[in-house]
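Structure data (compact mmCIF, C-alpha atoms and all ligand atoms) from input_9.txt:
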```txt
# COMPACT_ATOMS: atom_id res chain seq x y z
CA MET A 13 134.94 138.76 126.72
CA ARG A 14 133.79 141.63 128.94
CA ALA A 15 135.32 141.63 132.41
CA VAL A 16 135.66 143.88 135.44
CA LEU A 17 139.32 144.68 136.10
CA CYS A 18 140.92 146.04 139.26
CA GLU A 19 144.21 147.70 138.24
CA THR A 20 144.46 150.13 141.17
CA LEU A 21 143.40 149.41 144.75
CA GLY A 22 140.84 151.78 146.24
CA ASP A 23 137.25 152.88 145.69
CA PRO A 24 134.98 150.71 143.46
CA SER A 25 134.72 153.70 141.04
CA LEU A 26 138.32 152.86 139.98
CA LEU A 27 137.19 149.51 138.52
CA LYS A 28 137.27 149.26 134.70
CA ILE A 29 135.23 147.25 132.20
CA VAL A 30 137.71 145.75 129.71
CA ASP A 31 137.72 143.34 126.78
CA LEU A 32 139.93 140.28 127.40
CA PRO A 33 140.57 137.04 125.47
CA VAL A 34 138.36 134.09 126.50
CA PRO A 35 140.63 131.82 128.64
CA GLU A 36 141.46 128.19 127.68
CA PRO A 37 140.53 125.48 130.20
CA GLN A 38 143.67 123.75 131.56
CA PRO A 39 143.85 120.05 132.61
CA GLY A 40 141.12 119.31 135.16
CA GLU A 41 139.28 122.57 134.38
CA VAL A 42 136.10 123.56 132.54
CA LEU A 43 135.27 126.79 130.71
CA ILE A 44 132.06 128.44 131.99
CA ARG A 45 129.88 131.10 130.35
CA VAL A 46 129.07 133.10 133.48
CA ARG A 47 125.39 134.14 133.69
CA ALA A 48 125.38 135.74 137.15
CA ALA A 49 127.98 136.58 139.80
CA ALA A 50 127.12 137.48 143.38
CA LEU A 51 128.47 140.38 145.41
CA ASN A 52 130.08 139.70 148.78
CA PHE A 53 131.23 142.07 151.49
CA PRO A 54 134.88 140.92 151.01
CA ASP A 55 134.78 141.96 147.30
CA VAL A 56 134.72 145.60 148.41
CA LEU A 57 137.55 144.94 150.88
CA MET A 58 139.62 143.08 148.25
CA VAL A 59 139.26 145.94 145.75
CA ALA A 60 140.31 148.37 148.50
CA GLY A 61 143.34 146.19 149.39
CA SER A 62 142.15 145.71 152.97
CA TYR A 63 141.08 142.04 152.82
CA GLN A 64 143.27 139.28 154.28
CA HIS A 65 143.62 137.68 150.80
CA LYS A 66 145.45 140.14 148.53
CA PRO A 67 145.52 139.02 144.86
CA ALA A 68 148.30 140.41 142.61
CA LEU A 69 147.26 143.36 140.43
CA PRO A 70 145.58 143.51 137.99
CA PHE A 71 142.80 141.07 138.93
CA ILE A 72 139.18 140.31 138.05
CA PRO A 73 137.15 140.60 141.31
CA GLY A 74 134.27 138.35 142.41
CA VAL A 75 134.47 135.06 144.27
CA GLU A 76 131.24 133.22 143.38
CA ALA A 77 129.07 132.82 140.28
CA ALA A 78 126.91 130.48 138.22
CA GLY A 79 126.68 129.68 134.52
CA GLU A 80 126.84 126.97 131.84
CA ILE A 81 129.84 124.81 130.93
CA THR A 82 130.91 125.58 127.34
CA ALA A 83 134.12 123.48 127.08
CA LEU A 84 135.99 120.78 128.99
CA GLY A 85 139.76 120.81 129.52
CA PRO A 86 141.76 117.55 129.32
CA GLY A 87 140.76 115.12 132.08
CA ALA A 88 137.80 117.23 133.31
CA ALA A 89 135.65 114.22 134.16
CA GLY A 90 132.11 114.10 135.54
CA TRP A 91 130.72 117.18 133.76
CA SER A 92 129.28 117.89 130.29
CA VAL A 93 128.96 120.91 128.01
CA GLY A 94 125.63 122.61 128.84
CA ASP A 95 125.61 121.67 132.56
CA ARG A 96 124.34 124.47 134.81
CA VAL A 97 126.88 124.96 137.57
CA ILE A 98 127.61 126.95 140.72
CA PHE A 99 131.30 127.74 141.19
CA GLY A 100 133.82 129.59 143.31
CA LYS A 101 137.03 131.27 142.12
CA ARG A 102 139.06 133.49 144.41
CA PRO A 103 138.87 135.96 142.66
CA GLY A 104 137.88 136.02 138.95
CA CYS A 105 134.07 135.75 138.73
CA PHE A 106 133.09 139.21 137.40
CA ALA A 107 133.66 138.25 133.73
CA GLU A 108 131.70 136.67 130.88
CA TYR A 109 133.87 133.52 131.01
CA ALA A 110 135.86 131.78 133.73
CA THR A 111 138.00 128.65 133.83
CA VAL A 112 137.43 126.61 136.97
CA SER A 113 138.77 123.37 138.44
CA VAL A 114 136.11 120.63 138.48
CA GLU A 115 136.63 120.44 142.26
CA ALA A 116 135.15 123.95 142.62
CA LEU A 117 131.83 123.08 140.87
CA PHE A 118 128.40 122.21 142.27
CA PRO A 119 125.35 121.43 140.11
CA ALA A 120 122.87 124.36 140.08
CA PRO A 121 119.29 123.29 140.97
CA GLN A 122 117.18 123.36 137.77
CA GLN A 123 114.38 125.35 139.42
CA TRP A 124 116.73 128.13 140.61
CA SER A 125 117.58 131.19 138.51
CA PHE A 126 121.26 131.80 137.71
CA ALA A 127 121.08 134.77 140.12
CA GLU A 128 119.99 132.50 142.98
CA ALA A 129 122.57 129.86 142.07
CA ALA A 130 125.37 132.45 141.92
CA ALA A 131 124.53 133.67 145.42
CA TYR A 132 124.45 130.25 147.11
CA ARG A 133 128.00 129.10 147.62
CA VAL A 134 129.67 131.55 150.02
CA ALA A 135 126.71 132.13 152.33
CA ALA A 136 125.66 128.47 152.40
CA THR A 137 129.21 127.19 152.99
CA THR A 138 129.72 129.66 155.83
CA ALA A 139 126.43 128.86 157.56
CA TYR A 140 126.93 125.11 157.07
CA ASN A 141 130.51 125.09 158.37
CA ALA A 142 129.57 127.26 161.35
CA LEU A 143 126.32 125.60 162.44
CA VAL A 144 127.01 121.97 161.53
CA HIS A 145 130.76 121.49 161.91
CA ARG A 146 131.81 124.15 164.39
CA ALA A 147 128.76 124.51 166.69
CA ALA A 148 127.02 121.14 166.15
CA LEU A 149 123.63 122.88 166.41
CA LYS A 150 120.94 120.50 167.69
CA PRO A 151 117.15 120.42 167.19
CA ARG A 152 115.24 122.62 169.68
CA GLU A 153 118.33 124.65 170.61
CA VAL A 154 118.01 128.44 170.45
CA LEU A 155 120.09 130.04 167.67
CA LEU A 156 120.69 133.82 167.76
CA VAL A 157 121.73 135.15 164.33
CA HIS A 158 123.12 138.68 164.03
CA GLY A 159 123.43 140.37 160.63
CA ALA A 160 120.44 138.27 159.57
CA THR A 161 119.46 140.78 156.87
CA GLY A 162 122.78 140.10 155.05
CA GLY A 163 123.99 137.20 152.93
CA VAL A 164 125.71 134.91 155.43
CA GLY A 165 123.24 135.77 158.21
CA MET A 166 120.15 134.93 156.16
CA ALA A 167 121.64 131.57 155.15
CA ALA A 168 122.18 130.80 158.86
CA VAL A 169 118.52 131.61 159.61
CA GLN A 170 117.40 129.23 156.85
CA LEU A 171 119.79 126.43 157.82
CA GLY A 172 119.05 126.86 161.53
CA LYS A 173 115.33 126.30 160.86
CA HIS A 174 116.12 123.29 158.64
CA LEU A 175 118.16 121.79 161.51
CA GLY A 176 115.22 122.20 163.91
CA ALA A 177 116.49 125.13 165.98
CA ARG A 178 114.41 128.01 167.30
CA VAL A 179 115.84 131.06 165.51
CA ILE A 180 116.03 134.62 166.84
CA ALA A 181 117.40 137.06 164.24
CA THR A 182 118.66 140.64 164.54
CA GLY A 183 118.97 143.40 161.95
CA GLY A 184 118.76 147.17 161.68
CA ASP A 185 115.61 147.77 159.62
CA ASP A 186 112.00 146.59 159.99
CA GLY A 187 111.49 146.26 156.22
CA LYS A 188 114.58 144.08 155.83
CA LEU A 189 113.60 142.07 158.92
CA SER A 190 110.20 141.23 157.41
CA VAL A 191 112.14 139.36 154.68
CA VAL A 192 114.12 137.55 157.40
CA ARG A 193 110.85 136.49 159.04
CA ASP A 194 109.61 135.21 155.67
CA GLN A 195 112.80 133.13 155.46
CA GLY A 196 111.80 131.29 158.65
CA ALA A 197 113.05 133.27 161.68
CA ASP A 198 110.81 132.61 164.70
CA PHE A 199 111.47 136.05 166.15
CA VAL A 200 113.15 139.17 164.71
CA ILE A 201 114.73 142.05 166.67
CA ASN A 202 115.49 145.49 165.27
CA TYR A 203 118.62 146.27 167.28
CA ARG A 204 118.22 150.01 166.57
CA ALA A 205 114.84 150.04 168.37
CA THR A 206 115.33 147.36 171.05
CA ASP A 207 118.21 146.11 173.20
CA PHE A 208 118.57 142.49 172.07
CA VAL A 209 120.19 141.27 175.33
CA PRO A 210 117.13 141.42 177.68
CA LEU A 211 114.77 140.43 174.85
CA VAL A 212 116.72 137.25 174.07
CA LYS A 213 116.67 136.39 177.78
CA ASP A 214 112.89 137.03 177.93
CA LEU A 215 112.29 134.89 174.86
CA THR A 216 114.24 132.00 176.40
CA ASP A 217 112.79 132.20 179.95
CA GLY A 218 116.08 133.62 181.19
CA ARG A 219 118.23 130.81 179.76
CA GLY A 220 119.78 132.64 176.79
CA ALA A 221 120.83 131.45 173.31
CA ASP A 222 122.61 128.11 172.92
CA VAL A 223 124.41 129.24 169.76
CA VAL A 224 125.22 132.80 168.63
CA TYR A 225 126.18 133.31 164.96
CA ASP A 226 127.83 136.70 164.56
CA PRO A 227 129.00 138.36 161.30
CA VAL A 228 128.90 141.82 162.95
CA GLY A 229 131.55 141.84 165.73
CA GLY A 230 132.36 144.84 167.94
CA GLU A 231 129.83 145.61 170.68
CA THR A 232 127.32 143.17 169.16
CA PHE A 233 129.59 140.24 169.88
CA ALA A 234 130.72 141.51 173.28
CA ARG A 235 127.11 141.99 174.42
CA SER A 236 126.09 138.58 173.09
CA LEU A 237 128.09 137.01 175.92
CA ARG A 238 125.43 138.42 178.25
CA CYS A 239 122.54 136.61 176.56
CA ALA A 240 124.31 133.32 175.81
CA ALA A 241 123.06 130.23 177.67
CA PHE A 242 125.25 128.29 180.11
CA GLY A 243 127.55 126.14 177.94
CA GLY A 244 126.68 128.24 174.87
CA ARG A 245 128.77 128.39 171.67
CA LEU A 246 129.56 131.76 170.08
CA LEU A 247 130.60 131.74 166.41
CA ILE A 248 132.82 134.58 165.17
CA ILE A 249 131.93 134.97 161.48
CA GLY A 250 133.02 138.52 160.61
CA PHE A 251 133.21 142.18 161.51
CA THR A 252 130.74 144.17 159.43
CA SER A 253 130.57 146.71 162.28
CA GLY A 254 134.19 147.50 161.40
CA ASP A 255 135.80 146.14 164.56
CA PRO A 256 136.62 142.84 166.23
CA SER A 257 135.55 142.61 169.90
CA ILE A 258 137.60 143.05 173.03
CA LEU A 259 136.20 140.30 175.25
CA LYS A 260 136.10 140.06 179.01
CA SER A 261 136.95 136.48 179.81
CA ASN A 262 134.89 136.41 183.04
CA HIS A 263 131.59 135.73 181.21
CA ILE A 264 133.28 132.97 179.21
CA LEU A 265 134.49 131.28 182.41
CA ILE A 266 131.37 131.77 184.53
CA LYS A 267 129.02 130.42 181.85
CA CYS A 268 131.43 127.79 180.43
CA LEU A 269 131.10 129.38 176.97
CA SER A 270 132.96 128.30 173.83
CA VAL A 271 134.10 131.08 171.49
CA ILE A 272 134.69 129.61 168.03
CA GLY A 273 136.43 131.24 165.05
CA VAL A 274 134.92 130.34 161.67
CA ARG A 275 136.72 130.47 158.32
CA ALA A 276 134.59 128.29 156.10
CA GLY A 277 136.89 128.30 153.04
CA GLU A 278 140.24 128.23 154.82
CA TYR A 279 139.18 125.42 157.17
CA ALA A 280 138.38 123.18 154.20
CA ARG A 281 141.77 123.94 152.61
CA HIS A 282 143.43 122.69 155.84
CA HIS A 283 141.10 119.77 156.42
CA ARG A 284 140.44 117.63 153.34
CA PRO A 285 137.48 115.62 154.76
CA LEU A 286 135.59 118.89 155.24
CA ALA A 287 136.02 119.80 151.54
CA GLU A 288 134.62 116.35 150.66
CA ASP A 289 131.67 116.91 153.00
CA TYR A 290 130.96 120.32 151.38
CA ALA A 291 131.02 118.70 147.92
CA ARG A 292 128.45 116.13 149.07
CA GLU A 293 126.20 118.11 151.42
CA LEU A 294 125.95 121.60 149.89
CA PRO A 295 124.48 120.36 146.57
CA ARG A 296 122.14 118.05 148.52
CA LEU A 297 120.85 120.95 150.64
CA ALA A 298 120.45 123.14 147.51
CA ALA A 299 118.42 120.40 145.82
CA LEU A 300 116.15 120.37 148.91
CA GLY A 301 115.74 124.16 148.56
CA VAL A 302 117.53 124.86 151.87
CA MET A 303 119.40 128.22 151.91
CA ARG A 304 117.81 129.33 148.60
CA PRO A 305 119.18 132.90 148.35
CA HIS A 306 116.94 135.95 148.54
CA ILE A 307 118.06 138.39 145.79
CA SER A 308 117.14 142.04 146.45
CA HIS A 309 119.25 143.74 143.74
CA ARG A 310 120.32 142.84 140.19
CA PHE A 311 122.88 144.88 138.21
CA ALA A 312 124.54 144.72 134.79
CA LEU A 313 128.33 144.06 134.73
CA GLU A 314 128.92 147.75 133.86
CA GLN A 315 127.16 148.75 137.11
CA VAL A 316 129.67 146.96 139.34
CA ALA A 317 130.69 150.14 141.22
CA GLU A 318 127.02 150.99 141.89
CA ALA A 319 126.44 147.41 143.05
CA MET A 320 129.34 147.65 145.52
CA ARG A 321 128.13 151.04 146.79
CA THR A 322 124.64 149.58 147.32
CA LEU A 323 126.19 146.80 149.43
CA GLN A 324 128.29 149.31 151.39
CA ALA A 325 125.18 151.47 151.98
CA ARG A 326 123.45 148.43 153.55
CA GLN A 327 120.55 148.54 151.10
CA VAL A 328 120.94 144.90 150.06
CA VAL A 329 118.64 142.35 151.72
CA GLY A 330 120.15 138.87 151.38
CA LYS A 331 122.24 139.10 148.20
CA ALA A 332 122.94 141.35 145.20
CA VAL A 333 124.12 139.98 141.84
CA LEU A 334 125.64 141.08 138.55
CA GLU A 335 123.85 139.51 135.56
CA LEU A 336 125.83 138.90 132.37
N1 LIG A 401 134.03 133.48 158.43
C1 LIG A 401 133.76 133.14 157.18
O1 LIG A 401 134.08 132.06 156.71
C2 LIG A 401 133.03 134.15 156.33
C3 LIG A 401 132.57 133.81 155.07
C4 LIG A 401 131.87 134.78 154.33
C5 LIG A 401 131.69 136.06 154.85
N2 LIG A 401 132.21 136.35 156.08
C6 LIG A 401 132.06 137.67 156.67
O2 LIG A 401 130.73 137.81 157.12
C7 LIG A 401 130.41 139.19 157.15
C8 LIG A 401 129.05 139.41 156.52
O3 LIG A 401 129.14 139.14 155.14
P1 LIG A 401 127.83 139.30 154.23
O4 LIG A 401 128.26 138.93 152.85
O5 LIG A 401 126.68 138.65 154.87
O6 LIG A 401 127.62 140.89 154.30
P2 LIG A 401 126.30 141.71 153.97
O7 LIG A 401 125.41 140.92 153.08
O8 LIG A 401 126.78 143.06 153.55
O9 LIG A 401 125.56 141.82 155.39
C9 LIG A 401 126.08 142.61 156.40
C10 LIG A 401 125.20 142.48 157.63
O10 LIG A 401 125.85 143.14 158.71
C11 LIG A 401 124.92 144.01 159.36
N3 LIG A 401 125.67 145.19 159.82
C12 LIG A 401 126.50 145.96 159.08
N4 LIG A 401 127.03 146.91 159.87
C13 LIG A 401 126.51 146.73 161.10
C14 LIG A 401 126.68 147.41 162.35
N5 LIG A 401 127.48 148.46 162.46
N6 LIG A 401 126.00 146.93 163.41
C15 LIG A 401 125.19 145.87 163.30
N7 LIG A 401 124.99 145.19 162.13
C16 LIG A 401 125.66 145.63 161.06
C17 LIG A 401 123.87 144.37 158.33
O11 LIG A 401 122.64 144.53 159.01
P3 LIG A 401 121.73 145.84 158.94
O12 LIG A 401 122.11 146.61 157.70
O13 LIG A 401 120.33 145.31 158.91
O14 LIG A 401 122.05 146.58 160.19
C18 LIG A 401 123.83 143.11 157.46
O15 LIG A 401 122.89 142.19 157.98
C19 LIG A 401 131.57 139.92 156.51
O16 LIG A 401 132.40 140.45 157.51
C20 LIG A 401 132.30 138.84 155.75
O17 LIG A 401 133.67 139.13 155.60
C21 LIG A 401 132.86 135.43 156.83
```
Could you spell out this file's structure in structure tokens?
Ligand SMILES: NC(=O)c1ccc[n+]([C@@H]2O[C@H](COP(=O)([O-])OP(=O)(O)OC[C@H]3O[C@@H](n4cnc5c(N)ncnc54)[C@H](OP(=O)(O)O)[C@@H]3O)[C@@H](O)[C@H]2O)c1
Amino acid sequence: MRAVLCETLGDPSLLKIVDLPVPEPQPGEVLIRVRAAALNFPDVLMVAGSYQHKPALPFIPGVEAAGEITALGPGAAGWSVGDRVIFGKRPGCFAEYATVSVEALFPAPQQWSFAEAAAYRVAATTAYNALVHRAALKPREVLLVHGATGGVGMAAVQLGKHLGARVIATGGDDGKLSVVRDQGADFVINYRATDFVPLVKDLTDGRGADVVYDPVGGETFARSLRCAAFGGRLLIIGFTSGDPSILKSNHILIKCLSVIGVRAGEYARHHRPLAEDYARELPRLAALGVMRPHISHRFALEQVAEAMRTLQARQVVGKAVLEL
């Protein structure tokens, strides 16, 4: 099978396309013919060796994909050959075949392309964990989503609308933000052209946002304290700006704010009932069409370095995928 292999940590141009034997499914696993695998910001970090999870070299990158089951290992109950599935593997998805535990499978909605299915899991799990479990977002609350032009941000816009919130979304480009508006945002802010802090206050009659969802970090997070509502919840999702924030605790005290760290995957590994809730709720939401990914770029497996550079250059709107 063709696979992307990371033998040396560093720039994506160091990645190789190699021919490897098709793996055998072990007990409780299925073998999947991968049809599409989605790119994620952490893929670039993992290949560079700067992500918190550091797989042993050599490794096949990619953490989420979709395809068809081609074989069942012993005891792999509940699935059949030919089933279209969404799966996660950390890492190992940028290859024509992957073996996966049945616990890491969701059914792929029939009406979705493999590209859409491949791009669902990480963004949807993150938005769901953050908004439902960590912030308990309620109907009619104001949700401010930063990084809304990216994968996890756009999923939060879609889920926020589904949960009945009023959604304000920020991003750095008017063209990309028009897609975010199409995905349901009530109001979009180009942070390069407009200071989001006074605008969020204006849009909420001075009250501020009840929940802030922030994959950007740095100054974006620090300044969000200024436009959070009294009793607001601020969700730390990631640091695409390159830096975590140094916070002044006075705003947190004065406005009784809650600052909440989110690690959607890790939290479920520590808290079994959450993994069971993901397994039940994420396929249900997909079947309803909630958090259907927007795919702006499609690449062949051989173009993996170009795909990663496109993500790094912030040209992707929503998600980019490799098609196999
Ligand atoms: N906590 C969790 O469980 C979890 C799970 C998955 C991912 N994450 C993290 O979430 C983050 C986003 O991942 P993703 O896959 O959505 O990435 P992505 O698709 O590449 O999106 C990145 C977003 O960040 C924005 N951005 C980048 N640099 C910025 C800057 N300097 N200032 C303001 N905005 C900036 C981009 O907006 P513009 O280009 O429009 O400015 C874009 O919307 C990553 O840090 C990732 O590690 C966390």
Spatial neighbours of segment 233-236 of chain A, max dist 9 Å, all atoms listed in the file, sep filter under 4 positions, as a list in words:
Leu156, His158, Phe208, Val209, Ala221, Val224, Asp226, Pro227, Val228, Gly229, Ala240, Leu246, Ile248, Pro256, Ser257, Ile258, Leu259 and Lys260 of chain A
Can you check which parts of chain A lie within 6 Å of ligand LIG 401 (chain A)? Per residue, the shortest pair of atoms and distance in Å to one decimal, counting all atoms listed in the file, sorted by chain and number, as CSV.
```
residue,atom,partner,partner_atom,distance
A:Asn52,CA,A:LIG401,O4,4.5
A:Phe53,CA,A:LIG401,O4,4.5
A:Pro54,CA,A:LIG401,O17,5.1
A:Val134,CA,A:LIG401,C4,5.8
A:Thr138,CA,A:LIG401,O1,5.1
A:Gly159,CA,A:LIG401,O15,3.3
A:Ala160,CA,A:LIG401,O15,4.9
A:Thr161,CA,A:LIG401,O15,3.9
A:Gly162,CA,A:LIG401,O9,3.3
A:Gly163,CA,A:LIG401,O5,3.6
A:Val164,CA,A:LIG401,O5,3.9
A:Gly165,CA,A:LIG401,O5,5.6
A:Gly183,CA,A:LIG401,O13,3.8
A:Gly184,CA,A:LIG401,O14,3.7
A:Asp185,CA,A:LIG401,O13,5.4
A:Pro227,CA,A:LIG401,C7,4.5
A:Val228,CA,A:LIG401,N7,5.2
A:Ile249,CA,A:LIG401,N1,4.0
A:Gly250,CA,A:LIG401,O16,3.7
A:Phe251,CA,A:LIG401,O16,4.4
A:Thr252,CA,A:LIG401,O16,4.5
A:Ser253,CA,A:LIG401,N5,3.6
A:Val274,CA,A:LIG401,N1,4.6
A:Arg275,CA,A:LIG401,O1,3.5
A:Ala276,CA,A:LIG401,O1,3.9
A:Gly277,CA,A:LIG401,O1,6.0
A:Leu323,CA,A:LIG401,O8,5.6
A:Arg326,CA,A:LIG401,O12,4.7
A:Gly330,CA,A:LIG401,O7,5.9
```
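Omitting Arg292 of chain A and its sequence neighbours fewer than 3 positions away, and counting all atoms listed in the file, the residues within 12 Å are Glu115, Leu117, Phe118, Pro119, Thr137, Pro285, Leu286, Ala287, Glu288, Asp289, Pro295, Arg296, Leu297, Ala298 and Ala299 of chain A.
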For the residues selected in the previous step, produce a file with C-alpha atoms as a PDB file, in the coordinates of the input.
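Once everything was written out, this is result-v3.pdb:
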```
ATOM      1  CA  GLU A 115     136.630 120.440 142.260  1.00  0.00           C
ATOM      2  CA  LEU A 117     131.830 123.080 140.870  1.00  0.00           C
ATOM      3  CA  PHE A 118     128.400 122.210 142.270  1.00  0.00           C
ATOM      4  CA  PRO A 119     125.350 121.430 140.110  1.00  0.00           C
ATOM      5  CA  THR A 137     129.210 127.190 152.990  1.00  0.00           C
ATOM      6  CA  PRO A 285     137.480 115.620 154.760  1.00  0.00           C
ATOM      7  CA  LEU A 286     135.590 118.890 155.240  1.00  0.00           C
ATOM      8  CA  ALA A 287     136.020 119.800 151.540  1.00  0.00           C
ATOM      9  CA  GLU A 288     134.620 116.350 150.660  1.00  0.00           C
ATOM     10  CA  ASP A 289     131.670 116.910 153.000  1.00  0.00           C
ATOM     11  CA  PRO A 295     124.480 120.360 146.570  1.00  0.00           C
ATOM     12  CA  ARG A 296     122.140 118.050 148.520  1.00  0.00           C
ATOM     13  CA  LEU A 297     120.850 120.950 150.640  1.00  0.00           C
ATOM     14  CA  ALA A 298     120.450 123.140 147.510  1.00  0.00           C
ATOM     15  CA  ALA A 299     118.420 120.400 145.820  1.00  0.00           C
TER      16      ALA A 299
END
```
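Pairwise distance (atom CA of Met58 of chain A, atom CA of Val42 of chain A) equals 25.3 Å.
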Excluding Arg96 of chain A and residues on its chain fewer than 4 positions from it, collect all residues at most 9 Å away from it, counting only C-alpha atoms, and give them as a PyMOL selection string.
chain A and resi 78-81+118-122+126
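Comparing the minimum interatomic distances between Ile44 of chain A and each of A:Asn202, A:Ser270, A:Ser190, A:Thr82, counting all atoms listed in the file, we find that A:Thr82 sits nearest.
Counting only C-alpha atoms and comparing A:Ile201, A:Val93, A:Ile307, A:Leu84, the residue that lies closest to Tyr132 of chain A is A:Ile307.
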(123.5, 128.1, 170.3) in this file's frame - what residues fall within 6 Å of it? Use only C-alpha atoms and give the answer as an MDAnalysis selection string.
chainID A and resid 154:155 221:224 244:245
Counting all atoms listed in the file, figure out which residue out of A:Val114, A:Leu27, A:Gln38, A:Lys267 gets nearest to Glu318 of chain A.
A:Leu27
Could you tell me which of A:Met320, A:Ile180, A:Val200, A:Ala127 comes closest to Cys239 of chain A if we count only C-alpha atoms?
A:Ile180
For atom CA of Ala167 of chain A and atom CA of Val302 of chain A, quote the distance in Å rounded to one decimal.
8.5 Å
Nearby residues, (135.9, 119.3, 130.5) file frame, 8 Å, only C-alpha atoms, as a ChimeraX atom specification
/A:37,40-43,83-89,91-93
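We find atom CA of Leu294 of chain A and atom CA of Val112 of chain A to be spaced 18.0 Å apart.
Proximity to Glu76 of chain A was assessed for A:Gly104, A:Gly301, A:Gly90, A:Pro151 counting only C-alpha atoms; the smallest distance is recorded for A:Gly104.
Considering the residues A:Met166, A:Ile266, A:Val56, A:Ile272 and counting only C-alpha atoms, Leu26 of chain A has its shortest atom-to-atom contact with A:Val56.
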Applying 12 Å and all atoms listed in the file, which residues near Leu175 of chain A remain after dropping the ones on its own chain fewer than 3 positions away? List them as a count of residues only.
23
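Excluding Val46 of chain A itself and same-chain residues fewer than 4 positions from it, the residues having an atom within 8 Å of it are Ala77, Ala78, Gly79, Glu80, Cys105, Ala107, Glu108, Tyr109, Ala110 and Leu336 of chain A, counting all atoms listed in the file.
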